[in-house]
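J.: Please find protein-v3.pdb (PDB, C-alpha atoms) on the next line:
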ATOM      1  CA  MET A 200      -0.706 -12.511  -8.168  1.00  0.00           C
ATOM      2  CA  SER A 201      -3.569 -10.413  -9.455  1.00  0.00           C
ATOM      3  CA  GLY A 202      -7.315 -10.088  -9.438  1.00  0.00           C
ATOM      4  CA  ALA A 203      -9.912  -7.997 -11.206  1.00  0.00           C
ATOM      5  CA  SER A 204     -13.605  -7.287 -11.123  1.00  0.00           C
ATOM      6  CA  SER A 205     -15.800  -5.809 -13.867  1.00  0.00           C
ATOM      7  CA  ASP A 206     -14.402  -4.550 -17.153  1.00  0.00           C
ATOM      8  CA  SER A 207     -11.542  -6.923 -17.991  1.00  0.00           C
ATOM      9  CA  VAL A 208     -10.753  -4.641 -20.958  1.00  0.00           C
ATOM     10  CA  PRO A 209      -9.113  -1.322 -20.039  1.00  0.00           C
ATOM     11  CA  HIS A 210     -11.635   1.525 -20.090  1.00  0.00           C
ATOM     12  CA  GLU A 211     -10.693   4.933 -21.402  1.00  0.00           C
ATOM     13  CA  SER A 212     -11.424   7.498 -18.695  1.00  0.00           C
ATOM     14  CA  SER A 213     -11.505  11.252 -18.657  1.00  0.00           C
ATOM     15  CA  THR A 214      -8.372  12.603 -16.986  1.00  0.00           C
ATOM     16  CA  SER A 215      -9.562  16.222 -16.735  1.00  0.00           C
ATOM     17  CA  ALA A 216     -10.086  15.825 -12.999  1.00  0.00           C
ATOM     18  CA  ILE A 217      -8.617  12.959 -10.993  1.00  0.00           C
ATOM     19  CA  ARG A 218      -9.130  12.667  -7.267  1.00  0.00           C
ATOM     20  CA  PHE A 219      -6.651  10.265  -5.643  1.00  0.00           C
ATOM     21  CA  VAL A 220      -7.528   8.725  -2.275  1.00  0.00           C
ATOM     22  CA  LEU A 221      -5.054   6.591  -0.305  1.00  0.00           C
ATOM     23  CA  ALA A 222      -6.895   4.022   1.809  1.00  0.00           C
ATOM     24  CA  SER A 223      -4.023   3.682   4.272  1.00  0.00           C
ATOM     25  CA  ALA A 224      -2.770   5.589   7.309  1.00  0.00           C
ATOM     26  CA  SER A 225       0.882   4.940   6.403  1.00  0.00           C
ATOM     27  CA  PRO A 226       2.929   8.189   6.379  1.00  0.00           C
ATOM     28  CA  ALA A 227       5.565   6.471   4.205  1.00  0.00           C
ATOM     29  CA  ARG A 228       3.008   5.616   1.490  1.00  0.00           C
ATOM     30  CA  LEU A 229       1.589   9.128   1.499  1.00  0.00           C
ATOM     31  CA  ALA A 230       5.055  10.697   1.342  1.00  0.00           C
ATOM     32  CA  LEU A 231       6.028   8.405  -1.533  1.00  0.00           C
ATOM     33  CA  LEU A 232       2.937   9.372  -3.543  1.00  0.00           C
ATOM     34  CA  GLN A 233       3.378  13.067  -2.855  1.00  0.00           C
ATOM     35  CA  SER A 234       7.067  13.010  -3.795  1.00  0.00           C
ATOM     36  CA  ALA A 235       6.052  11.257  -7.025  1.00  0.00           C
ATOM     37  CA  GLY A 236       3.681  14.086  -7.925  1.00  0.00           C
ATOM     38  CA  VAL A 237       0.366  12.648  -6.729  1.00  0.00           C
ATOM     39  CA  PRO A 238      -1.775  15.005  -4.593  1.00  0.00           C
ATOM     40  CA  ALA A 239      -3.271  12.183  -2.526  1.00  0.00           C
ATOM     41  CA  GLU A 240      -5.713  12.522   0.328  1.00  0.00           C
ATOM     42  CA  VAL A 241      -5.997   9.930   3.106  1.00  0.00           C
ATOM     43  CA  ALA A 242      -9.087   7.952   4.117  1.00  0.00           C
ATOM     44  CA  VAL A 243      -8.432   5.262   6.733  1.00  0.00           C
ATOM     45  CA  SER A 244     -10.520   2.132   6.152  1.00  0.00           C
ATOM     46  CA  GLY A 245     -10.819   0.917   9.730  1.00  0.00           C
ATOM     47  CA  ILE A 246     -10.913  -2.758   8.707  1.00  0.00           C
ATOM     48  CA  ASP A 247      -9.892  -5.556  11.072  1.00  0.00           C
ATOM     49  CA  GLU A 248      -6.408  -6.503   9.864  1.00  0.00           C
ATOM     50  CA  GLU A 249      -6.312  -9.555  12.122  1.00  0.00           C
ATOM     51  CA  ALA A 250      -9.353 -11.100  10.414  1.00  0.00           C
ATOM     52  CA  VAL A 251      -7.416 -12.273   7.350  1.00  0.00           C
ATOM     53  CA  THR A 252      -5.168 -15.327   7.513  1.00  0.00           C
ATOM     54  CA  GLY A 253      -3.367 -17.491   4.970  1.00  0.00           C
ATOM     55  CA  ARG A 254      -0.244 -17.373   2.861  1.00  0.00           C
ATOM     56  CA  PRO A 255       1.660 -14.066   3.205  1.00  0.00           C
ATOM     57  CA  ALA A 256       1.085 -12.790  -0.338  1.00  0.00           C
ATOM     58  CA  VAL A 257      -2.604 -13.716  -0.147  1.00  0.00           C
ATOM     59  CA  VAL A 258      -2.996 -11.870   3.154  1.00  0.00           C
ATOM     60  CA  ALA A 259      -1.324  -8.733   1.760  1.00  0.00           C
ATOM     61  CA  LEU A 260      -3.564  -8.724  -1.313  1.00  0.00           C
ATOM     62  CA  GLU A 261      -6.806  -9.395   0.549  1.00  0.00           C
ATOM     63  CA  LEU A 262      -6.128  -6.711   3.144  1.00  0.00           C
ATOM     64  CA  ALA A 263      -5.353  -4.196   0.395  1.00  0.00           C
ATOM     65  CA  ARG A 264      -8.623  -5.072  -1.368  1.00  0.00           C
ATOM     66  CA  ARG A 265     -10.653  -4.794   1.812  1.00  0.00           C
ATOM     67  CA  LYS A 266      -9.156  -1.387   2.570  1.00  0.00           C
ATOM     68  CA  ALA A 267      -9.897   0.003  -0.889  1.00  0.00           C
ATOM     69  CA  LEU A 268     -13.402  -1.442  -1.083  1.00  0.00           C
ATOM     70  CA  ALA A 269     -14.309  -0.300   2.447  1.00  0.00           C
ATOM     71  CA  VAL A 270     -13.298   3.285   1.681  1.00  0.00           C
ATOM     72  CA  CYS A 271     -15.051   3.157  -1.687  1.00  0.00           C
ATOM     73  CA  ALA A 272     -18.290   1.862  -0.122  1.00  0.00           C
ATOM     74  CA  ARG A 273     -18.179   4.571   2.550  1.00  0.00           C
ATOM     75  CA  MET A 274     -17.645   7.309  -0.041  1.00  0.00           C
ATOM     76  CA  LEU A 275     -20.445   6.017  -2.245  1.00  0.00           C
ATOM     77  CA  LYS A 276     -22.820   5.767   0.709  1.00  0.00           C
ATOM     78  CA  SER A 277     -22.075   9.312   1.819  1.00  0.00           C
ATOM     79  CA  GLY A 278     -22.431  10.655  -1.718  1.00  0.00           C
ATOM     80  CA  ASP A 279     -18.858  11.901  -1.665  1.00  0.00           C
ATOM     81  CA  VAL A 280     -18.020  10.251  -4.988  1.00  0.00           C
ATOM     82  CA  SER A 281     -21.169  11.324  -6.795  1.00  0.00           C
ATOM     83  CA  GLN A 282     -20.366  14.951  -5.997  1.00  0.00           C
ATOM     84  CA  ALA A 283     -16.887  14.698  -7.509  1.00  0.00           C
ATOM     85  CA  GLN A 284     -16.317  15.928 -11.040  1.00  0.00           C
ATOM     86  CA  GLY A 285     -14.351  13.366 -13.021  1.00  0.00           C
ATOM     87  CA  VAL A 286     -12.632  10.263 -11.739  1.00  0.00           C
ATOM     88  CA  THR A 287     -11.979   9.105  -8.175  1.00  0.00           C
ATOM     89  CA  VAL A 288      -9.061   6.696  -7.714  1.00  0.00           C
ATOM     90  CA  ILE A 289      -8.892   4.779  -4.432  1.00  0.00           C
ATOM     91  CA  LEU A 290      -5.711   2.858  -3.603  1.00  0.00           C
ATOM     92  CA  GLY A 291      -5.575   0.323  -0.794  1.00  0.00           C
ATOM     93  CA  CYS A 292      -2.199  -1.097   0.258  1.00  0.00           C
ATOM     94  CA  ASP A 293      -1.036  -3.513   2.906  1.00  0.00           C
ATOM     95  CA  SER A 294       2.343  -5.083   3.638  1.00  0.00           C
ATOM     96  CA  VAL A 295       3.402  -8.255   5.431  1.00  0.00           C
ATOM     97  CA  LEU A 296       6.756  -9.911   5.962  1.00  0.00           C
ATOM     98  CA  GLU A 297       7.298 -13.551   5.052  1.00  0.00           C
ATOM     99  CA  LEU A 298       9.925 -15.424   7.030  1.00  0.00           C
ATOM    100  CA  ASP A 299      10.144 -19.232   6.931  1.00  0.00           C
ATOM    101  CA  GLY A 300       6.773 -19.258   5.194  1.00  0.00           C
ATOM    102  CA  GLU A 301       5.063 -17.461   8.085  1.00  0.00           C
ATOM    103  CA  THR A 302       3.191 -14.159   7.898  1.00  0.00           C
ATOM    104  CA  TYR A 303       4.348 -11.283  10.096  1.00  0.00           C
ATOM    105  CA  GLY A 304       2.557  -7.957  10.340  1.00  0.00           C
ATOM    106  CA  LYS A 305       3.081  -5.335  13.028  1.00  0.00           C
ATOM    107  CA  PRO A 306       4.559  -6.706  16.287  1.00  0.00           C
ATOM    108  CA  ALA A 307       1.942  -6.787  19.045  1.00  0.00           C
ATOM    109  CA  ASP A 308       4.252  -5.502  21.775  1.00  0.00           C
ATOM    110  CA  PRO A 309       7.934  -4.616  22.468  1.00  0.00           C
ATOM    111  CA  ALA A 310       8.817  -8.153  23.588  1.00  0.00           C
ATOM    112  CA  THR A 311       7.472  -9.548  20.321  1.00  0.00           C
ATOM    113  CA  ALA A 312       9.403  -6.949  18.344  1.00  0.00           C
ATOM    114  CA  VAL A 313      12.667  -7.828  20.107  1.00  0.00           C
ATOM    115  CA  ALA A 314      12.140 -11.542  19.499  1.00  0.00           C
ATOM    116  CA  ARG A 315      11.243 -10.848  15.871  1.00  0.00           C
ATOM    117  CA  TRP A 316      14.471  -8.948  15.260  1.00  0.00           C
ATOM    118  CA  GLN A 317      16.542 -11.604  16.971  1.00  0.00           C
ATOM    119  CA  GLN A 318      14.960 -14.077  14.573  1.00  0.00           C
ATOM    120  CA  MET A 319      15.427 -11.892  11.448  1.00  0.00           C
ATOM    121  CA  ARG A 320      18.992 -10.649  11.899  1.00  0.00           C
ATOM    122  CA  GLY A 321      21.519 -12.039   9.459  1.00  0.00           C
ATOM    123  CA  ARG A 322      18.754 -13.633   7.389  1.00  0.00           C
ATOM    124  CA  ARG A 323      16.587 -12.916   4.368  1.00  0.00           C
ATOM    125  CA  GLY A 324      12.852 -12.331   4.311  1.00  0.00           C
ATOM    126  CA  VAL A 325      10.325 -11.335   1.663  1.00  0.00           C
ATOM    127  CA  LEU A 326       8.206  -8.232   2.042  1.00  0.00           C
ATOM    128  CA  HIS A 327       4.874  -8.530   0.202  1.00  0.00           C
ATOM    129  CA  THR A 328       2.814  -5.416  -0.500  1.00  0.00           C
ATOM    130  CA  GLY A 329      -0.708  -5.779  -1.831  1.00  0.00           C
ATOM    131  CA  HIS A 330      -2.053  -3.022  -4.081  1.00  0.00           C
ATOM    132  CA  SER A 331      -5.762  -2.666  -4.817  1.00  0.00           C
ATOM    133  CA  LEU A 332      -6.980   0.056  -7.142  1.00  0.00           C
ATOM    134  CA  VAL A 333     -10.656   0.987  -7.300  1.00  0.00           C
ATOM    135  CA  VAL A 334     -11.650   3.592  -9.874  1.00  0.00           C
ATOM    136  CA  VAL A 335     -15.042   5.269  -9.782  1.00  0.00           C
ATOM    137  CA  ASP A 336     -16.344   7.490 -12.575  1.00  0.00           C
ATOM    138  CA  GLY A 337     -18.682   9.758 -10.633  1.00  0.00           C
ATOM    139  CA  PRO A 338     -21.952  10.408 -12.493  1.00  0.00           C
ATOM    140  CA  ALA A 339     -22.426  13.864 -13.955  1.00  0.00           C
ATOM    141  CA  THR A 340     -25.995  13.785 -12.653  1.00  0.00           C
ATOM    142  CA  THR A 341     -27.785  11.742 -10.023  1.00  0.00           C
ATOM    143  CA  HIS A 342     -29.692   9.966 -12.803  1.00  0.00           C
ATOM    144  CA  GLN A 343     -26.577   8.312 -14.240  1.00  0.00           C
ATOM    145  CA  ARG A 344     -25.103   5.056 -12.941  1.00  0.00           C
ATOM    146  CA  THR A 345     -21.727   5.183 -11.219  1.00  0.00           C
ATOM    147  CA  HIS A 346     -19.119   3.123 -13.103  1.00  0.00           C
ATOM    148  CA  GLN A 347     -16.586   1.215 -10.985  1.00  0.00           C
ATOM    149  CA  ARG A 348     -13.478  -0.784 -11.904  1.00  0.00           C
ATOM    150  CA  GLU A 349     -10.988  -2.696  -9.766  1.00  0.00           C
ATOM    151  CA  ARG A 350      -7.463  -4.041 -10.270  1.00  0.00           C
ATOM    152  CA  SER A 351      -5.325  -5.764  -7.635  1.00  0.00           C
ATOM    153  CA  GLU A 352      -1.803  -7.199  -7.541  1.00  0.00           C
ATOM    154  CA  VAL A 353       1.032  -8.012  -5.136  1.00  0.00           C
ATOM    155  CA  ALA A 354       4.611  -6.755  -5.349  1.00  0.00           C
ATOM    156  CA  SER A 355       7.345  -8.664  -3.501  1.00  0.00           C
ATOM    157  CA  ALA A 356      10.943  -7.834  -2.634  1.00  0.00           C
ATOM    158  CA  GLU A 357      13.610  -9.771  -0.756  1.00  0.00           C
ATOM    159  CA  VAL A 358      15.106  -8.052   2.273  1.00  0.00           C
ATOM    160  CA  ARG A 359      18.613  -8.849   3.515  1.00  0.00           C
ATOM    161  CA  PHE A 360      18.752  -8.035   7.206  1.00  0.00           C
ATOM    162  CA  GLY A 361      21.902  -6.957   8.995  1.00  0.00           C
ATOM    163  CA  THR A 362      23.146  -8.305  12.306  1.00  0.00           C
ATOM    164  CA  PRO A 363      22.333  -5.744  15.006  1.00  0.00           C
ATOM    165  CA  SER A 364      23.430  -6.597  18.519  1.00  0.00           C
ATOM    166  CA  ASN A 365      20.925  -7.300  21.273  1.00  0.00           C
ATOM    167  CA  ALA A 366      21.597  -3.816  22.647  1.00  0.00           C
ATOM    168  CA  GLU A 367      20.902  -2.237  19.247  1.00  0.00           C
ATOM    169  CA  ILE A 368      17.700  -4.243  18.854  1.00  0.00           C
ATOM    170  CA  GLU A 369      16.453  -3.208  22.287  1.00  0.00           C
ATOM    171  CA  ALA A 370      17.316   0.441  21.604  1.00  0.00           C
ATOM    172  CA  TYR A 371      15.514   0.313  18.256  1.00  0.00           C
ATOM    173  CA  VAL A 372      12.403  -1.282  19.738  1.00  0.00           C
ATOM    174  CA  ALA A 373      12.438   1.315  22.532  1.00  0.00           C
ATOM    175  CA  THR A 374      11.874   4.044  19.924  1.00  0.00           C
ATOM    176  CA  GLY A 375       8.461   2.518  19.217  1.00  0.00           C
ATOM    177  CA  GLU A 376       8.996   2.503  15.447  1.00  0.00           C
ATOM    178  CA  PRO A 377       8.942  -1.308  14.958  1.00  0.00           C
ATOM    179  CA  LEU A 378       5.497  -1.519  16.583  1.00  0.00           C
ATOM    180  CA  ARG A 379       3.955   0.727  13.931  1.00  0.00           C
ATOM    181  CA  VAL A 380       5.137  -1.012  10.759  1.00  0.00           C
ATOM    182  CA  ALA A 381       4.716  -4.355   9.014  1.00  0.00           C
ATOM    183  CA  GLY A 382       7.540  -6.772   9.761  1.00  0.00           C
ATOM    184  CA  GLY A 383       8.789  -4.581  12.587  1.00  0.00           C
ATOM    185  CA  PHE A 384      11.222  -2.526  10.498  1.00  0.00           C
ATOM    186  CA  THR A 385      11.496   0.418   8.123  1.00  0.00           C
ATOM    187  CA  LEU A 386      13.826   1.045   5.217  1.00  0.00           C
ATOM    188  CA  ASP A 387      13.754   4.845   5.066  1.00  0.00           C
ATOM    189  CA  ARG A 388      13.903   5.658   8.775  1.00  0.00           C
ATOM    190  CA  LEU A 389      15.619   4.235  11.868  1.00  0.00           C
ATOM    191  CA  GLY A 390      15.317   0.628  10.680  1.00  0.00           C
ATOM    192  CA  GLY A 391      17.430   1.422   7.631  1.00  0.00           C
ATOM    193  CA  TRP A 392      20.549   1.077   9.782  1.00  0.00           C
ATOM    194  CA  PHE A 393      19.879  -2.644  10.064  1.00  0.00           C
ATOM    195  CA  VAL A 394      18.952  -3.533   6.468  1.00  0.00           C
ATOM    196  CA  GLU A 395      21.885  -4.647   4.296  1.00  0.00           C
ATOM    197  CA  GLY A 396      20.072  -4.607   0.965  1.00  0.00           C
ATOM    198  CA  ILE A 397      16.934  -5.100  -1.104  1.00  0.00           C
ATOM    199  CA  ASP A 398      16.436  -7.376  -4.097  1.00  0.00           C
ATOM    200  CA  GLY A 399      13.502  -5.858  -5.943  1.00  0.00           C
ATOM    201  CA  ASP A 400      11.721  -2.514  -5.975  1.00  0.00           C
ATOM    202  CA  PRO A 401      12.607  -0.609  -2.762  1.00  0.00           C
ATOM    203  CA  GLY A 402       9.188   1.032  -2.951  1.00  0.00           C
ATOM    204  CA  THR A 403       7.639  -2.342  -2.211  1.00  0.00           C
ATOM    205  CA  VAL A 404       9.423  -2.337   1.151  1.00  0.00           C
ATOM    206  CA  LEU A 405       8.387   1.260   1.775  1.00  0.00           C
ATOM    207  CA  GLY A 406       4.802   0.110   1.246  1.00  0.00           C
ATOM    208  CA  LEU A 407       3.973   1.117  -2.332  1.00  0.00           C
ATOM    209  CA  SER A 408       5.516   0.101  -5.653  1.00  0.00           C
ATOM    210  CA  LEU A 409       5.265   2.963  -8.152  1.00  0.00           C
ATOM    211  CA  PRO A 410       6.027   0.736 -11.194  1.00  0.00           C
ATOM    212  CA  LEU A 411       3.223  -1.637 -10.187  1.00  0.00           C
ATOM    213  CA  LEU A 412       0.838   1.240  -9.542  1.00  0.00           C
ATOM    214  CA  ARG A 413       1.637   2.599 -13.000  1.00  0.00           C
ATOM    215  CA  ARG A 414       0.657  -0.745 -14.575  1.00  0.00           C
ATOM    216  CA  LEU A 415      -2.583  -0.905 -12.592  1.00  0.00           C
ATOM    217  CA  LEU A 416      -3.460   2.627 -13.670  1.00  0.00           C
ATOM    218  CA  ALA A 417      -2.770   1.722 -17.305  1.00  0.00           C
ATOM    219  CA  ASP A 418      -5.117  -1.261 -16.974  1.00  0.00           C
ATOM    220  CA  VAL A 419      -7.989   1.105 -16.185  1.00  0.00           C
ATOM    221  CA  GLY A 420      -7.114   3.654 -18.849  1.00  0.00           C
ATOM    222  CA  LEU A 421      -5.300   6.195 -16.679  1.00  0.00           C
ATOM    223  CA  THR A 422      -1.802   7.606 -17.066  1.00  0.00           C
ATOM    224  CA  VAL A 423       0.799   8.810 -14.608  1.00  0.00           C
ATOM    225  CA  PRO A 424       1.199  12.218 -16.342  1.00  0.00           C
ATOM    226  CA  ALA A 425      -2.529  12.784 -15.783  1.00  0.00           C
ATOM    227  CA  LEU A 426      -1.863  12.582 -12.037  1.00  0.00           C
ATOM    228  CA  TRP A 427       1.066  14.959 -12.404  1.00  0.00           C
ATOM    229  CA  GLY A 428      -1.242  17.302 -14.277  1.00  0.00           C
ATOM    230  CA  ALA A 429      -3.547  17.429 -11.288  1.00  0.00           C
ATOM    231  CA  THR A 430      -0.582  18.471  -9.149  1.00  0.00           C
ATOM    232  CA  LEU A 431       0.715  21.085 -11.585  1.00  0.00           C
ATOM    233  CA  SER A 432      -2.716  22.641 -12.089  1.00  0.00           C
ATOM    234  CA  GLY A 433      -2.951  23.149  -8.339  1.00  0.00           C
ATOM    235  CA  HIS A 434       0.191  25.328  -8.469  1.00  0.00           C
ATOM    236  CA  ASN A 435      -1.033  27.682 -11.183  1.00  0.00           C
TER     237      ASN A 435
END
Since I need it in another form, could you write the structure as structure tokens?

T.:
Amino acid sequence: MSGASSDSVPHESSTSAIRFVLASASPARLALLQSAGVPAEVAVSGIDEEAVTGRPAVVALELARRKALAVCARMLKSGDVSQAQGVTVILGCDSVLELDGETYGKPADPATAVARWQQMRGRRGVLHTGHSLVVVDGPATTHQRTHQRERSEVASAEVRFGTPSNAEIEAYVATGEPLRVAGGFTLDRLGGWFVEGIDGDPGTVLGLSLPLLRRLLADVGLTVPALWGATLSGHN
């Protein structure tokens, strides 16, 4: 599933200076970007995640778009982008779990998290992660028009859940971790004990698919090595 606005043809951009902004408070997404060589900064969108309803993949994509566009609008309004030299890349991401066709985000409370895990154990679900990329070429002077491009797409991966006992589920929920993440579980932290396997890109379950992000960047004329270059130059 994908969407785009303005410039359907990839636009060649200057990669001399790329500022990468993650429109998400997820520590896992930030850690994944940083470990992949991207010196990302975080700008939380503050959108109402409960305001979007519909099919799981649609919800994930729309929330990702709203996050990226909200952060972009705030930066443009404050003049933050216009002061930047080069290109500003804003990435919004959001994940939801699909089980029996229903959409599940973060559990509202411990009781909900326990019931969710009792429903998921021994079964398969699909984790959808929406990715929305907004690229702004900041004007060299205040007299030039800011150029903006957007690309959005969803990555999906099937999750095979293990069969934790009721005691294990209650102990896991008591840590508080399930209340902070989509679907009520993690892959790379405590929840990893109860996930048997992943069919698809594991990054999708972590909250960000690097292969998909690479394709979105290519669509707007940017390359992954250009982002690495920004990291390497900072170490000189």

J.: Would you write out, as a list in words, every residue that the PyMOL selection byres ((chain A and resi 320-323) around 10) captures in this file?

T.: Glu297, Leu298, Asp299, Arg315, Trp316, Gln317, Gln318, Met319, Gly324, Val325, Leu326, Glu357, Val358, Arg359, Phe360, Gly361, Thr362, Pro363, Ser364, Ile368, Phe393, Val394, Glu395, Gly396 and Ile397 of chain A

J.: Hey, can you spit out that residue selection with C-alpha atoms as a PDB file, keeping the file's coordinate frame?

T.:
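Wrote part.pdb, looks like this:
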ATOM      1  CA  GLU A 297       7.298 -13.551   5.052  1.00  0.00           C
ATOM      2  CA  LEU A 298       9.925 -15.424   7.030  1.00  0.00           C
ATOM      3  CA  ASP A 299      10.144 -19.232   6.931  1.00  0.00           C
ATOM      4  CA  ARG A 315      11.243 -10.848  15.871  1.00  0.00           C
ATOM      5  CA  TRP A 316      14.471  -8.948  15.260  1.00  0.00           C
ATOM      6  CA  GLN A 317      16.542 -11.604  16.971  1.00  0.00           C
ATOM      7  CA  GLN A 318      14.960 -14.077  14.573  1.00  0.00           C
ATOM      8  CA  MET A 319      15.427 -11.892  11.448  1.00  0.00           C
ATOM      9  CA  GLY A 324      12.852 -12.331   4.311  1.00  0.00           C
ATOM     10  CA  VAL A 325      10.325 -11.335   1.663  1.00  0.00           C
ATOM     11  CA  LEU A 326       8.206  -8.232   2.042  1.00  0.00           C
ATOM     12  CA  GLU A 357      13.610  -9.771  -0.756  1.00  0.00           C
ATOM     13  CA  VAL A 358      15.106  -8.052   2.273  1.00  0.00           C
ATOM     14  CA  ARG A 359      18.613  -8.849   3.515  1.00  0.00           C
ATOM     15  CA  PHE A 360      18.752  -8.035   7.206  1.00  0.00           C
ATOM     16  CA  GLY A 361      21.902  -6.957   8.995  1.00  0.00           C
ATOM     17  CA  THR A 362      23.146  -8.305  12.306  1.00  0.00           C
ATOM     18  CA  PRO A 363      22.333  -5.744  15.006  1.00  0.00           C
ATOM     19  CA  SER A 364      23.430  -6.597  18.519  1.00  0.00           C
ATOM     20  CA  ILE A 368      17.700  -4.243  18.854  1.00  0.00           C
ATOM     21  CA  PHE A 393      19.879  -2.644  10.064  1.00  0.00           C
ATOM     22  CA  VAL A 394      18.952  -3.533   6.468  1.00  0.00           C
ATOM     23  CA  GLU A 395      21.885  -4.647   4.296  1.00  0.00           C
ATOM     24  CA  GLY A 396      20.072  -4.607   0.965  1.00  0.00           C
ATOM     25  CA  ILE A 397      16.934  -5.100  -1.104  1.00  0.00           C
TER      26      ILE A 397
END

J.: Go through A:Ser331, A:Thr374, A:Thr311, A:Thr252 one by one, measure the shortest atom-to-atom distance of each to Leu416 in chain A using all atoms listed in the file, and give the residue with the smallest value.

T.: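 Smallest distance to Leu416 in chain A is found for A:Ser331.
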
J.: Counting all atoms listed in the file, find the residues whose atoms lie at most 10 Å from (-8.8, -2.1, -7.1) (file coordinates) and write them out as a list in words.

T.: Gly202, Ala203, Ser204, Ala263, Arg264, Arg265, Lys266, Ala267, Leu268, Cys271, Val288, Ile289, Leu290, Gly291, Cys292, His330, Ser331, Leu332, Val333, Val334, Gln347, Arg348, Glu349, Arg350, Ser351, Glu352, Leu415, Leu416 and Val419 of chain A

J.: Which one is closest to His327 in chain A: A:Gly236, A:Gly391, A:Gly382, A:Pro410? Count only C-alpha atoms.

T.: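 Comparing A:Gly236, A:Gly391, A:Gly382, A:Pro410 against His327 in chain A, the winner is A:Gly382.
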
J.: Env of range 247-249 of chain A: 7 Å cut, atoms = all atoms listed in the file, seq-sep filter 2 positions within chain, self excluded. Answer as a short mmCIF file (atom, residue, chain, number, x, y, z; two decimals) with C-alpha atoms, in the coordinates of the input.

T.:
data_model
loop_
_atom_site.label_atom_id
_atom_site.label_comp_id
_atom_site.auth_asym_id
_atom_site.auth_seq_id
_atom_site.Cartn_x
_atom_site.Cartn_y
_atom_site.Cartn_z
CA GLY A 245 -10.82 0.92 9.73
CA VAL A 251 -7.42 -12.27 7.35
CA LEU A 262 -6.13 -6.71 3.14
#

J.: Is it possible to add N, CA and C atoms to range 318-329 of chain A and hand it back as a PDB file, in the coordinates of the input?

T.:
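Listed below is the output, selection.pdb:
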ATOM      1  N   GLN A 318      15.198 -13.012  15.541  1.00  0.00           N
ATOM      2  CA  GLN A 318      14.960 -14.077  14.573  1.00  0.00           C
ATOM      3  C   GLN A 318      15.381 -13.653  13.158  1.00  0.00           C
ATOM      4  N   MET A 319      15.184 -12.375  12.811  1.00  0.00           N
ATOM      5  CA  MET A 319      15.427 -11.892  11.448  1.00  0.00           C
ATOM      6  C   MET A 319      16.894 -11.599  11.159  1.00  0.00           C
ATOM      7  N   ARG A 320      17.644 -11.172  12.163  1.00  0.00           N
ATOM      8  CA  ARG A 320      18.992 -10.649  11.899  1.00  0.00           C
ATOM      9  C   ARG A 320      19.881 -11.688  11.206  1.00  0.00           C
ATOM     10  N   GLY A 321      20.630 -11.184  10.224  1.00  0.00           N
ATOM     11  CA  GLY A 321      21.519 -12.039   9.459  1.00  0.00           C
ATOM     12  C   GLY A 321      20.823 -12.939   8.464  1.00  0.00           C
ATOM     13  N   ARG A 322      19.520 -12.749   8.274  1.00  0.00           N
ATOM     14  CA  ARG A 322      18.754 -13.633   7.389  1.00  0.00           C
ATOM     15  C   ARG A 322      18.083 -12.831   6.276  1.00  0.00           C
ATOM     16  N   ARG A 323      17.351 -13.540   5.455  1.00  0.00           N
ATOM     17  CA  ARG A 323      16.587 -12.916   4.368  1.00  0.00           C
ATOM     18  C   ARG A 323      15.106 -13.191   4.555  1.00  0.00           C
ATOM     19  N   GLY A 324      14.299 -12.183   4.287  1.00  0.00           N
ATOM     20  CA  GLY A 324      12.852 -12.331   4.311  1.00  0.00           C
ATOM     21  C   GLY A 324      12.269 -11.712   3.058  1.00  0.00           C
ATOM     22  N   VAL A 325      10.996 -11.916   2.830  1.00  0.00           N
ATOM     23  CA  VAL A 325      10.325 -11.335   1.663  1.00  0.00           C
ATOM     24  C   VAL A 325       9.208 -10.425   2.147  1.00  0.00           C
ATOM     25  N   LEU A 326       9.242  -9.186   1.692  1.00  0.00           N
ATOM     26  CA  LEU A 326       8.206  -8.232   2.042  1.00  0.00           C
ATOM     27  C   LEU A 326       7.193  -8.190   0.895  1.00  0.00           C
ATOM     28  N   HIS A 327       5.948  -8.548   1.194  1.00  0.00           N
ATOM     29  CA  HIS A 327       4.874  -8.530   0.202  1.00  0.00           C
ATOM     30  C   HIS A 327       3.991  -7.304   0.444  1.00  0.00           C
ATOM     31  N   THR A 328       3.725  -6.549  -0.609  1.00  0.00           N
ATOM     32  CA  THR A 328       2.814  -5.416  -0.500  1.00  0.00           C
ATOM     33  C   THR A 328       1.684  -5.577  -1.503  1.00  0.00           C
ATOM     34  N   GLY A 329       0.469  -5.697  -0.975  1.00  0.00           N
ATOM     35  CA  GLY A 329      -0.708  -5.779  -1.831  1.00  0.00           C
ATOM     36  C   GLY A 329      -1.149  -4.388  -2.262  1.00  0.00           C
TER      37      GLY A 329
END
